[in-house]
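**Q** Take a look at run_29.cif, mmCIF, C-alpha atoms and all ligand atoms:
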data_target
#
loop_
_atom_site.label_atom_id
_atom_site.label_comp_id
_atom_site.auth_asym_id
_atom_site.auth_seq_id
_atom_site.Cartn_x
_atom_site.Cartn_y
_atom_site.Cartn_z
CA MET A 1 24.81 -19.75 -12.13
CA THR A 2 21.34 -20.74 -13.32
CA ASP A 3 19.56 -18.30 -15.65
CA MET A 4 16.22 -17.35 -14.08
CA SER A 5 14.69 -15.48 -16.99
CA GLU A 6 12.98 -18.59 -18.40
CA PRO A 7 10.69 -19.51 -15.46
CA TYR A 8 8.88 -16.19 -15.94
CA SER A 9 6.50 -18.06 -18.21
CA GLN A 10 5.47 -20.08 -15.12
CA ALA A 11 4.55 -16.97 -13.15
CA THR A 12 0.78 -16.61 -12.97
CA GLY A 13 -1.58 -14.10 -11.38
CA GLU A 14 -0.67 -11.36 -8.94
CA LEU A 15 0.28 -12.45 -5.45
CA LEU A 16 1.10 -8.93 -4.32
CA LYS A 17 -0.52 -5.78 -5.62
CA ILE A 18 0.90 -2.42 -4.58
CA ARG A 19 -1.03 0.71 -5.53
CA GLY A 20 -0.06 4.37 -5.05
CA LEU A 21 2.36 3.47 -2.28
CA SER A 22 4.07 6.42 -0.60
CA LYS A 23 6.19 6.71 2.50
CA ALA A 24 7.47 9.96 3.96
CA PHE A 25 9.65 10.25 7.07
CA PRO A 26 9.01 13.49 8.97
CA LEU A 27 12.16 15.40 9.84
CA THR A 28 12.12 16.08 13.53
CA LYS A 29 13.09 19.69 13.88
CA GLY A 30 12.46 22.08 16.73
CA PHE A 31 9.52 24.45 16.49
CA LEU A 32 11.70 27.48 15.72
CA GLU A 33 13.56 25.61 12.97
CA GLN A 34 10.24 24.83 11.28
CA LEU A 35 9.42 28.56 10.91
CA HIS A 36 10.10 30.24 7.57
CA PHE A 37 9.26 33.59 5.98
CA GLU A 38 7.06 33.19 2.92
CA GLY A 39 5.51 36.21 1.17
CA GLY A 40 6.33 38.45 4.12
CA ARG A 41 4.59 36.13 6.59
CA LEU A 42 5.97 33.71 9.11
CA VAL A 43 4.77 30.18 8.30
CA ARG A 44 5.45 26.83 9.90
CA ARG A 45 6.72 24.27 7.41
CA ARG A 46 7.09 20.61 8.38
CA GLU A 47 9.60 18.89 6.16
CA SER A 48 9.85 15.21 5.39
CA VAL A 49 12.00 12.78 3.43
CA LYS A 50 9.80 11.40 0.65
CA ALA A 51 11.27 7.91 0.38
CA ILE A 52 8.55 6.37 -1.83
CA ASN A 53 6.30 8.40 -4.10
CA GLY A 54 3.25 6.70 -5.56
CA VAL A 55 4.61 3.28 -6.51
CA ASP A 56 2.33 0.86 -8.42
CA LEU A 57 3.79 -2.62 -8.62
CA ASP A 58 2.55 -6.20 -8.94
CA VAL A 59 4.45 -9.34 -7.98
CA LYS A 60 3.23 -12.39 -9.87
CA ARG A 61 2.96 -15.73 -8.14
CA GLY A 62 6.06 -17.82 -8.88
CA GLU A 63 8.32 -15.04 -10.08
CA ALA A 64 11.47 -13.39 -8.72
CA LEU A 65 10.86 -9.70 -9.08
CA CYS A 66 14.04 -7.70 -8.58
CA VAL A 67 13.76 -4.10 -7.42
CA VAL A 68 16.91 -2.18 -8.32
CA GLY A 69 18.28 1.32 -8.03
CA GLU A 70 21.04 3.31 -6.37
CA SER A 71 21.19 3.52 -2.59
CA GLY A 72 18.56 5.94 -1.30
CA CYS A 73 16.14 5.26 -4.18
CA GLY A 74 13.54 3.82 -1.78
CA LYS A 75 13.80 0.13 -2.69
CA SER A 76 14.46 -1.05 0.87
CA THR A 77 11.65 1.17 2.14
CA VAL A 78 9.28 -0.56 -0.30
CA ALA A 79 10.41 -3.91 1.15
CA ARG A 80 9.83 -2.77 4.72
CA VAL A 81 6.42 -1.28 3.98
CA VAL A 82 5.35 -4.47 2.17
CA MET A 83 6.43 -6.52 5.21
CA GLY A 84 4.54 -4.24 7.58
CA LEU A 85 7.72 -3.05 9.32
CA LEU A 86 6.86 0.50 8.28
CA GLU A 87 3.44 2.08 7.92
CA PRO A 88 2.72 3.58 4.50
CA THR A 89 1.88 7.27 4.28
CA ALA A 90 -0.52 6.57 1.40
CA GLY A 91 -1.54 3.77 -0.92
CA SER A 92 -2.53 0.15 -0.47
CA ILE A 93 -1.01 -3.34 -0.47
CA GLN A 94 -3.02 -6.42 -1.40
CA TYR A 95 -1.79 -9.95 -0.78
CA ASP A 96 -3.59 -12.70 -2.64
CA GLY A 97 -6.61 -10.47 -3.12
CA GLU A 98 -6.88 -9.10 0.43
CA ARG A 99 -5.78 -5.65 1.50
CA ILE A 100 -3.21 -6.14 4.28
CA ASP A 101 -1.76 -2.68 4.98
CA ASN A 102 -4.67 -1.72 7.25
CA LEU A 103 -5.37 -5.04 8.98
CA PRO A 104 -5.44 -5.29 12.77
CA PRO A 105 -2.56 -7.40 14.17
CA GLU A 106 -4.65 -10.52 14.80
CA ARG A 107 -5.85 -10.62 11.17
CA LEU A 108 -2.34 -9.96 9.93
CA LEU A 109 -0.94 -13.03 11.67
CA PRO A 110 -1.55 -15.58 8.85
CA TYR A 111 0.19 -13.22 6.43
CA ARG A 112 3.17 -12.91 8.76
CA ARG A 113 3.71 -16.64 8.25
CA LYS A 114 3.16 -16.58 4.49
CA MET A 115 5.44 -13.54 4.02
CA GLN A 116 8.99 -13.81 5.31
CA MET A 117 11.98 -11.50 5.04
CA ILE A 118 15.70 -12.08 4.62
CA PHE A 119 17.84 -9.15 5.68
CA GLN A 120 21.08 -7.79 4.29
CA ASN A 121 23.28 -8.29 7.29
CA PRO A 122 23.42 -11.87 8.61
CA TYR A 123 25.61 -10.63 11.49
CA ALA A 124 22.88 -8.33 12.82
CA SER A 125 19.75 -10.28 11.87
CA LEU A 126 20.48 -13.33 14.07
CA ASN A 127 20.14 -13.11 17.83
CA PRO A 128 23.66 -13.80 19.19
CA ARG A 129 22.20 -15.36 22.37
CA LEU A 130 20.19 -18.03 20.56
CA THR A 131 21.59 -21.26 19.19
CA VAL A 132 20.72 -22.22 15.62
CA LYS A 133 18.13 -24.66 16.97
CA GLN A 134 16.46 -21.97 19.10
CA THR A 135 16.61 -19.49 16.19
CA LEU A 136 14.85 -21.93 13.89
CA GLU A 137 12.33 -23.18 16.46
CA GLU A 138 11.21 -19.70 17.49
CA PRO A 139 9.09 -18.76 14.40
CA MET A 140 7.63 -22.27 14.22
CA ARG A 141 6.52 -22.24 17.87
CA PHE A 142 5.04 -18.76 17.35
CA HIS A 143 2.98 -19.66 14.27
CA ASN A 144 2.25 -23.25 15.25
CA PRO A 145 2.09 -23.36 19.07
CA GLY A 146 0.71 -26.90 19.14
CA ILE A 147 3.65 -28.48 17.35
CA GLY A 148 5.25 -31.43 19.14
CA ASN A 149 8.94 -31.55 20.06
CA GLY A 150 9.63 -34.49 17.77
CA GLU A 151 8.06 -32.84 14.74
CA LEU A 152 9.91 -29.62 15.47
CA LYS A 153 13.23 -31.44 15.78
CA ASP A 154 12.65 -33.16 12.43
CA LYS A 155 11.69 -29.87 10.80
CA VAL A 156 14.84 -28.14 12.09
CA ARG A 157 16.98 -31.01 10.79
CA ASP A 158 15.30 -31.01 7.36
CA VAL A 159 15.50 -27.27 6.88
CA MET A 160 19.14 -27.10 8.02
CA ASP A 161 19.91 -29.88 5.60
CA SER A 162 18.12 -28.12 2.75
CA VAL A 163 20.17 -24.91 3.20
CA GLY A 164 23.48 -26.77 3.45
CA VAL A 165 24.14 -26.30 7.18
CA ASP A 166 25.11 -29.49 9.00
CA PRO A 167 22.21 -30.35 11.36
CA SER A 168 24.73 -31.52 13.97
CA TRP A 169 25.67 -27.84 14.41
CA ARG A 170 22.23 -26.94 15.73
CA ASP A 171 23.52 -26.17 19.23
CA ARG A 172 26.10 -23.67 18.00
CA PHE A 173 25.76 -19.89 18.26
CA PRO A 174 25.84 -17.44 15.33
CA HIS A 175 29.37 -16.20 16.11
CA GLU A 176 30.66 -19.71 15.40
CA PHE A 177 29.63 -19.42 11.73
CA SER A 178 31.00 -17.55 8.73
CA GLY A 179 28.95 -14.81 7.03
CA GLY A 180 27.76 -17.18 4.29
CA GLN A 181 26.68 -19.81 6.82
CA ARG A 182 24.87 -17.18 8.88
CA GLN A 183 22.94 -16.08 5.81
CA ARG A 184 22.07 -19.73 5.17
CA ILE A 185 20.72 -19.88 8.73
CA SER A 186 18.71 -16.69 8.09
CA ILE A 187 17.24 -18.32 4.99
CA ALA A 188 16.52 -21.47 7.02
CA ARG A 189 14.69 -19.37 9.62
CA ALA A 190 12.51 -17.88 6.86
CA LEU A 191 11.82 -21.34 5.39
CA MET A 192 10.86 -22.92 8.72
CA VAL A 193 7.26 -21.68 8.51
CA ASP A 194 6.77 -22.76 4.86
CA PRO A 195 6.26 -19.26 3.44
CA GLU A 196 4.86 -18.45 0.00
CA PHE A 197 6.51 -15.09 -0.47
CA ILE A 198 9.99 -13.92 0.53
CA VAL A 199 11.25 -10.37 0.51
CA ALA A 200 15.04 -10.44 0.37
CA ASP A 201 16.68 -7.10 1.04
CA GLU A 202 20.21 -7.13 -0.44
CA PRO A 203 20.71 -10.68 0.91
CA ILE A 204 24.18 -11.17 -0.57
CA SER A 205 25.71 -7.71 -0.55
CA ALA A 206 27.35 -8.19 2.88
CA LEU A 207 28.93 -11.50 1.82
CA ASP A 208 32.29 -12.27 0.24
CA VAL A 209 32.06 -12.38 -3.55
CA SER A 210 33.20 -16.01 -3.50
CA ILE A 211 30.09 -17.14 -1.60
CA GLN A 212 27.51 -14.79 -3.10
CA ALA A 213 26.80 -17.21 -5.96
CA GLN A 214 26.35 -20.12 -3.54
CA VAL A 215 23.74 -18.23 -1.52
CA LEU A 216 21.97 -17.10 -4.71
CA ASN A 217 21.90 -20.67 -5.98
CA LEU A 218 20.49 -21.81 -2.65
CA MET A 219 17.71 -19.22 -2.93
CA MET A 220 16.97 -20.32 -6.50
CA ASP A 221 16.81 -23.98 -5.47
CA ALA A 222 14.45 -23.11 -2.60
CA MET A 223 12.28 -21.18 -5.04
CA GLU A 224 11.99 -24.14 -7.35
CA GLN A 225 11.48 -26.78 -4.67
CA ARG A 226 9.01 -24.79 -2.55
CA ALA A 227 7.21 -22.81 -5.30
CA LEU A 228 8.28 -19.53 -3.68
CA THR A 229 7.74 -16.02 -4.96
CA TYR A 230 10.51 -13.47 -4.35
CA MET A 231 10.79 -9.74 -4.15
CA PHE A 232 14.55 -9.31 -4.36
CA ILE A 233 15.98 -5.91 -3.48
CA THR A 234 19.43 -5.18 -4.84
CA HIS A 235 21.68 -2.46 -6.21
CA ASP A 236 23.68 -5.03 -8.18
CA LEU A 237 22.46 -5.39 -11.75
CA SER A 238 24.82 -8.24 -12.55
CA VAL A 239 22.97 -10.30 -9.90
CA VAL A 240 19.61 -9.30 -11.34
CA GLU A 241 20.59 -10.53 -14.79
CA HIS A 242 20.80 -14.11 -13.48
CA PHE A 243 18.30 -14.09 -10.66
CA GLY A 244 15.33 -11.99 -11.69
CA THR A 245 12.39 -12.94 -13.88
CA ARG A 246 11.31 -9.27 -14.01
CA VAL A 247 13.03 -6.09 -12.94
CA ALA A 248 11.59 -2.89 -11.47
CA VAL A 249 13.96 0.08 -11.67
CA MET A 250 13.51 2.80 -9.06
CA TYR A 251 14.79 6.37 -8.96
CA LEU A 252 14.09 8.79 -6.12
CA GLY A 253 11.23 6.73 -4.74
CA SER A 254 9.44 6.28 -8.07
CA LEU A 255 9.31 3.46 -10.57
CA CYS A 256 10.85 4.37 -13.89
CA GLU A 257 10.84 1.03 -15.70
CA LEU A 258 9.38 -2.45 -15.24
CA ALA A 259 10.33 -5.20 -17.68
CA PRO A 260 11.14 -8.90 -18.09
CA THR A 261 14.82 -9.30 -17.19
CA ARG A 262 16.11 -10.30 -20.59
CA THR A 263 14.22 -7.49 -22.32
CA LEU A 264 15.50 -4.93 -19.83
CA PHE A 265 19.12 -5.95 -20.37
CA GLU A 266 18.82 -6.22 -24.15
CA THR A 267 16.72 -3.11 -24.79
CA PRO A 268 16.58 -0.77 -21.79
CA ARG A 269 14.13 2.08 -22.57
CA HIS A 270 14.26 4.62 -19.76
CA PRO A 271 17.33 6.91 -19.94
CA TYR A 272 18.17 6.07 -16.31
CA THR A 273 17.97 2.32 -16.98
CA LYS A 274 20.17 2.78 -20.05
CA ALA A 275 22.80 4.48 -17.87
CA LEU A 276 22.62 1.77 -15.19
CA ILE A 277 22.97 -1.07 -17.71
CA SER A 278 25.83 0.66 -19.51
CA ALA A 279 27.73 0.88 -16.22
CA ILE A 280 27.85 -2.89 -15.56
CA PRO A 281 31.52 -3.88 -15.65
CA LYS A 282 32.67 -6.42 -18.26
CA LEU A 283 29.15 -7.02 -19.48
CA THR A 284 28.89 -4.03 -21.78
CA GLN A 285 30.22 -5.77 -24.90
CA GLY A 286 27.54 -5.56 -27.56
CA ARG A 287 25.78 -2.92 -25.48
CA PRO A 288 26.03 0.84 -25.82
CA GLY A 289 29.15 2.42 -24.30
CA HIS A 290 29.13 3.72 -20.76
CA ILE A 291 26.63 6.56 -20.36
CA LYS A 292 27.97 8.98 -17.78
CA LEU A 293 25.21 10.57 -15.76
CA ILE A 294 25.49 14.30 -15.26
CA GLY A 295 24.31 16.24 -12.21
CA GLU A 296 23.39 15.12 -8.72
CA VAL A 297 20.46 13.11 -7.40
CA PRO A 298 18.00 15.74 -6.04
CA THR A 299 17.19 15.66 -2.34
CA PRO A 300 14.12 13.59 -1.39
CA ILE A 301 13.19 16.44 0.97
CA ASN A 302 12.50 18.84 -1.92
CA LEU A 303 11.57 16.69 -4.89
CA PRO A 304 11.81 18.46 -8.25
CA ALA A 305 8.72 19.20 -10.33
CA GLY A 306 8.06 17.05 -13.39
CA CYS A 307 10.24 14.02 -14.01
CA PHE A 308 12.50 13.45 -10.98
CA PHE A 309 15.32 12.53 -13.40
CA HIS A 310 15.10 15.65 -15.59
CA ASN A 311 18.17 17.46 -14.19
CA ARG A 312 20.35 14.48 -15.22
CA CYS A 313 18.68 13.47 -18.47
CA VAL A 314 20.07 14.47 -21.85
CA TYR A 315 16.59 14.01 -23.39
CA ALA A 316 14.82 16.38 -20.95
CA ASP A 317 12.59 19.05 -22.51
CA ASP A 318 10.10 21.60 -21.15
CA ARG A 319 7.36 19.00 -20.60
CA CYS A 320 9.75 16.86 -18.54
CA LYS A 321 10.37 19.80 -16.19
CA VAL A 322 6.71 20.27 -15.27
CA GLU A 323 4.81 17.01 -15.82
CA LYS A 324 5.64 13.85 -13.90
CA PRO A 325 5.59 10.87 -16.30
CA VAL A 326 3.49 7.85 -15.36
CA LEU A 327 4.17 4.24 -16.32
CA HIS A 328 2.83 3.38 -19.75
CA THR A 329 3.02 0.09 -21.55
CA VAL A 330 5.42 -0.30 -24.43
CA ASP A 331 6.06 -3.46 -26.42
CA GLY A 332 7.69 -6.61 -25.00
CA GLY A 333 5.76 -6.54 -21.72
CA CYS A 334 7.62 -3.41 -20.55
CA ARG A 335 6.26 -0.41 -18.70
CA VAL A 336 8.20 2.85 -18.78
CA ALA A 337 7.62 6.22 -17.11
CA CYS A 338 9.21 8.60 -19.61
CA HIS A 339 7.76 11.32 -21.84
CA GLY A 340 10.68 10.93 -24.23
CA VAL A 341 10.00 7.20 -24.74
CA GLN A 342 6.29 7.84 -25.17
CA GLU A 343 6.95 10.59 -27.74
CA GLY A 344 9.59 8.55 -29.58
CA ARG A 345 12.38 11.03 -28.72
CA VAL A 346 14.36 8.40 -26.78
CA ASP A 347 15.52 5.46 -28.86
FE1 LIG A 401 14.32 12.17 -19.47
FE2 LIG A 401 12.01 13.43 -19.83
FE3 LIG A 401 12.13 10.77 -19.86
FE4 LIG A 401 12.45 12.08 -17.59
S1 LIG A 401 10.60 12.05 -18.83
S2 LIG A 401 13.67 10.40 -18.31
S3 LIG A 401 13.57 13.86 -18.28
S4 LIG A 401 13.07 12.18 -21.33
#
Let me see whether you can do it: turn the structure in this file into C-alpha cells.
Ligand code: SF4
**A**
Amino acid sequence: MTDMSEPYSQATGELLKIRGLSKAFPLTKGFLEQLHFEGGRLVRRRESVKAINGVDLDVKRGEALCVVGESGCGKSTVARVVMGLLEPTAGSIQYDGERIDNLPPERLLPYRRKMQMIFQNPYASLNPRLTVKQTLEEPMRFHNPGIGNGELKDKVRDVMDSVGVDPSWRDRFPHEFSGGQRQRISIARALMVDPEFIVADEPISALDVSIQAQVLNLMMDAMEQRALTYMFITHDLSVVEHFGTRVAVMYLGSLCELAPTRTLFETPRHPYTKALISAIPKLTQGRPGHIKLIGEVPTPINLPAGCFFHNRCVYADDRCKVEKPVLHTVDGGCRVACHGVQEGRVD
C-alpha cells in the first residue's frame, strides 16, 4: 500500500475551518421523567447526549486528514455536521473562506457539489431500485441540469472505468455486485460531480479485509489524479498509518491530539493516543508495550469536569479533574490538549 505521509508537504492553505463545533442530541423524555428534586425543589432538567464538544479543526487543501477514535467518540457526527446532514448546536464551519453552516439551501448548492460523502455501508447507501447508470447520472443531472445525454453517457463510462467497474455493467442493480464493487460504485457516484473535498465515513470497515486495501488504493489514486482533499473517519489506526497525511484523535467529542501521521505514530504525546497506538496489533515492535486503559468511558450525557480522560489517565492530577485542557502547540507540528504534556509530566 502506498505511504501517504509524504504528500503532506503538498497540502497548502485551509480548505475547511471548523471552530468551536458542538452537537448535542436532546434525549426525548416525557415531562414527568424530566423532573428532578434539587435542593428541596422540583426542577425540570432536559438532558442531552453531547456528541461533539467545542472542536477546532482545519483541513488543508490537498491533504487526507484522518479523524480517529473509539466508537461513540463523535467522529462520525463531525463528518455529518460538516456535510450539513446535521445542524450544529454551536460553532462554525468555513469552506474555502465562506461560512457554510448557516447558509440558506440555495446558497449551499454549489458546496453540495464540491463536498461529497462516502458512507460506511455500501449495501445501504445505494438505492436498490436504481441501476448503476441511474445512480451515477442522478447527482450529475441535479447539479448540471443542462448536460446532454451523450456527455452524461461518456462521463458515466469514464468514471466507472476510473474506479475499476466495467462500464458494460451500467445497467445492473446494486444487488448484483459484491461489497467491494458497491463501494467502488459509491466512490464513482461521489466523483461524478468533480468534487474538491470528500468526507469518507469508515469507507472500508464494512468490507472484507482482502478488498479493503484495493478500495483504499483506489481512493488514494483518485486523490492524486483529481487533486482531492479528504476527511477520512476511521477507528482503524493501521489504516491511518498508510492513508493519512495528518491525524486528529478524538475522545468523548473533543480533540485530544492533532499531528502529522508519521509524528503521531513515532512519538504520540497525549496519554490516550499513546494507549491507542500501543494497541495496534503486530505493529508495536519498537514502540512502547501495550498500555491497558483503566476505567470506563464516561457517559456523554453527564460529561466529567476537567479533562474528559482523567478517570482513565495514570498522569491525572488535581488540575486535570477541574480544568479542561485546550489544544496547545508542541514541537513537530503537533497540537495536544493535555495539562501533563504542557507541564512536562507526560513523556
Ligand atoms: Fe491525563 Fe491530565 Fe493529560 Fe487529561 S490533561 S490526559 S488527565 S494528564
**Q** Write out, as JSON lines, each residue of segment 33-151 of chain A that has an atom at most 12 Å from segment 308-324 of chain A, together with the closest pair of atoms and their distance in Å to one decimal, counting all atoms listed in the file, rows going by chain and rising number.
**A**
{"residue": "A:Asn53", "atom": "CA", "partner": "A:Phe308", "partner_atom": "CA", "distance": 10.5}
{"residue": "A:Gly54", "atom": "CA", "partner": "A:Lys324", "partner_atom": "CA", "distance": 11.2}
{"residue": "A:Cys73", "atom": "CA", "partner": "A:Phe308", "partner_atom": "CA", "distance": 11.3}
**Q** Could you give me, as a ChimeraX atom specification, the residues that have an atom at most 12 Å away from the point (2.6, -13.1, 2.0) in the coordinates of the file, using all atoms listed in the file?
**A** /A:14-17,59-61,82-84,93-101,108-117,193-199,228-231
**Q** Rank A:Lys292, A:Arg44, A:Lys133, A:Arg269 by their smallest atom-to-atom distance to Val330 of chain A, using only C-alpha atoms, and report the top residue only.
**A**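 Closest to Val330 of chain A, using only C-alpha atoms: A:Arg269.
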**Q** One decimal, in Å: what's the spacing between atom CA of Ile277 of chain A and atom CA of Ala248 of chain A?
**A**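 A separation of 13.1 Å between them.
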**Q** Choose the residue, out of A:Asp331, A:Met192, A:Ser278, A:Thr273, that has the smallest atom-to-atom separation from ligand LIG 401 (chain A); count all atoms listed in the file.
**A** A:Thr273
**Q** Would you compute an axis-aligned box for ligand LIG 401 (chain A), covering every atom listed for it in the file with 4 Å of margin on each side, and report centre and edge lengths in Å to one decimal as AutoDock Vina command-line options?
**A**
--center_x 12.5 --center_y 12.1 --center_z -19.5 --size_x 11.7 --size_y 11.5 --size_z 11.7
**Q** Compute the distance from (29.2, 2.6, -19.5) to each atom, counting all atoms listed in the file, keep the residues with any atom at most 6 Å away, and return them as a list in words; use the coordinates of the file.
**A** Ser278, Ala279, Gly289, His290 and Ile291 of chain A
**Q** Figure out the distance between atom CA of Ala213 of chain A and atom CA of Ala259 of chain A, please, to one decimal in Å.
**A**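 Value for the atom CA of Ala259 of chain A-atom CA of Ala213 of chain A distance: 23.5 Å.
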**Q** What is the atom CA of Gly146 of chain A-atom CA of Asp221 of chain A distance in Å, reported with one decimal?
**A**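 Atom CA of Asp221 of chain A lies at a distance of 29.6 Å from atom CA of Gly146 of chain A.
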**Q** I need the residue nearest Thr131 of chain A from this list: A:Arg170, A:Leu57, A:Arg157, A:Gly164. Use all atoms listed in the file for the distance.
**A**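 For Thr131 of chain A, the nearest of the candidates is A:Arg170.
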